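Student: Below: one structure in structure tokens.
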Amino acid sequence: MVVRRALEVAEQLGGSLREALALLELGTLHAQVHSWDEAIAAYRRAAVLYRQGGDLIGEARVFEATADAYRAMGRADEAVRSYARAIEGYRSGDHYRRSLAHCLYRLGELHRSAGRTHHARREYEEAVEILEGRTEADSAGLRERIEGLLRNGLA
């Protein structure tokens, strides 16, 4: 597998951030085929390496991927915690506002599904504020979807 080979090369070169990226990709591949335990294990290793390397955005990307995996597994509480950590990391970088908005939306969805509408509204409103004025099609579409939820009382 190409990603495993990339991981081996990164380990040989001693580049912890390269290794973290390879682990993130490996985890994503495992998640795509629903090998959840392997995905989570790769993500955990990647998070540690990103943290050790001081890469807050890399770590945020790992926590977002971890949250997505937990959400797909139906483990909402763990997904909420992972999204919260991803959001914390994305807040540290001005160039990652769109990623921040997407995480806020997904976190809002989890809160809404659990009946925590006050929390969902807070996350949605912040996401809309971030997405204001963005012209990318996916950002505009997400903003419109969230605004519709807010208009309809989160129904």
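Residues are referred to by chain and number: the chain letter is A, B, ... according to the order shown in the structure tokens, the number counts from 1 in that chain, and ligands are numbered separately from 1 in the order shown.
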Excluding segment 39-41 of chain A and residues on its chain fewer than 2 positions from it, collect all residues at most 7 Å away from it, counting only C-alpha atoms, and give them as JSON, numbers by chain.
Tutor: {"A": [27, 28, 30, 31, 35, 36, 37, 43, 44, 45, 66]}
Student: What does the file look like for those residues with C-alpha atoms, as a PDB file, in the first residue's frame?
Tutor:
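Output saved as out-v2.pdb:
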```pdb
ATOM      1  CA  GLY A  27      -6.397   6.664   9.065  1.00  0.00           C
ATOM      2  CA  THR A  28      -8.529   8.251   6.356  1.00  0.00           C
ATOM      3  CA  HIS A  30      -9.104   2.920   7.009  1.00  0.00           C
ATOM      4  CA  ALA A  31     -12.147   5.097   7.683  1.00  0.00           C
ATOM      5  CA  SER A  35     -11.964  -0.151   9.569  1.00  0.00           C
ATOM      6  CA  TRP A  36     -12.729   2.113  12.484  1.00  0.00           C
ATOM      7  CA  ASP A  37     -10.329   0.755  15.091  1.00  0.00           C
ATOM      8  CA  TYR A  43      -5.329   9.242  14.075  1.00  0.00           C
ATOM      9  CA  ARG A  44      -4.179   8.992  17.693  1.00  0.00           C
ATOM     10  CA  ARG A  45      -0.581   8.429  16.640  1.00  0.00           C
ATOM     11  CA  THR A  66     -11.352  11.487  14.343  1.00  0.00           C
TER      12      THR A  66
END
```
Student: With 12 Å as the cut-off and only C-alpha atoms counted, what is the closest atom pair between each nearby residue of segment 49-114 of chain A and segment 151-154 of chain A? Distances in Å to one decimal, ordered by chain and number, as CSV.
Tutor:
```
residue,atom,partner,partner_atom,distance
A:Gly108,CA,A:Leu154,CA,10.0
A:Glu109,CA,A:Leu154,CA,9.6
A:His111,CA,A:Leu154,CA,10.7
A:Arg112,CA,A:Leu154,CA,7.4
A:Ser113,CA,A:Leu154,CA,10.0
```
Student: Please determine, counting only C-alpha atoms, which residue among A:His95, A:Arg18, A:His102, A:His119 has the shortest atom-to-atom distance to Tyr83 of chain A.
Tutor: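 Among the listed residues, the smallest separation from Tyr83 of chain A belongs to A:His102.
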Student: Would you mind listing what lies within 8 Å of Ala84 of chain A as a list in words, with only C-alpha atoms counted and same-chain residues fewer than 4 positions away left out?
Tutor: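 Once the nearby chain positions are removed, what remains is Val80, Glu88 and Leu107 of chain A.
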Student: For atom CA of Arg121 of chain A and atom CA of Met73 of chain A, quote the distance in Å rounded to one decimal.
Tutor: 24.1 Å
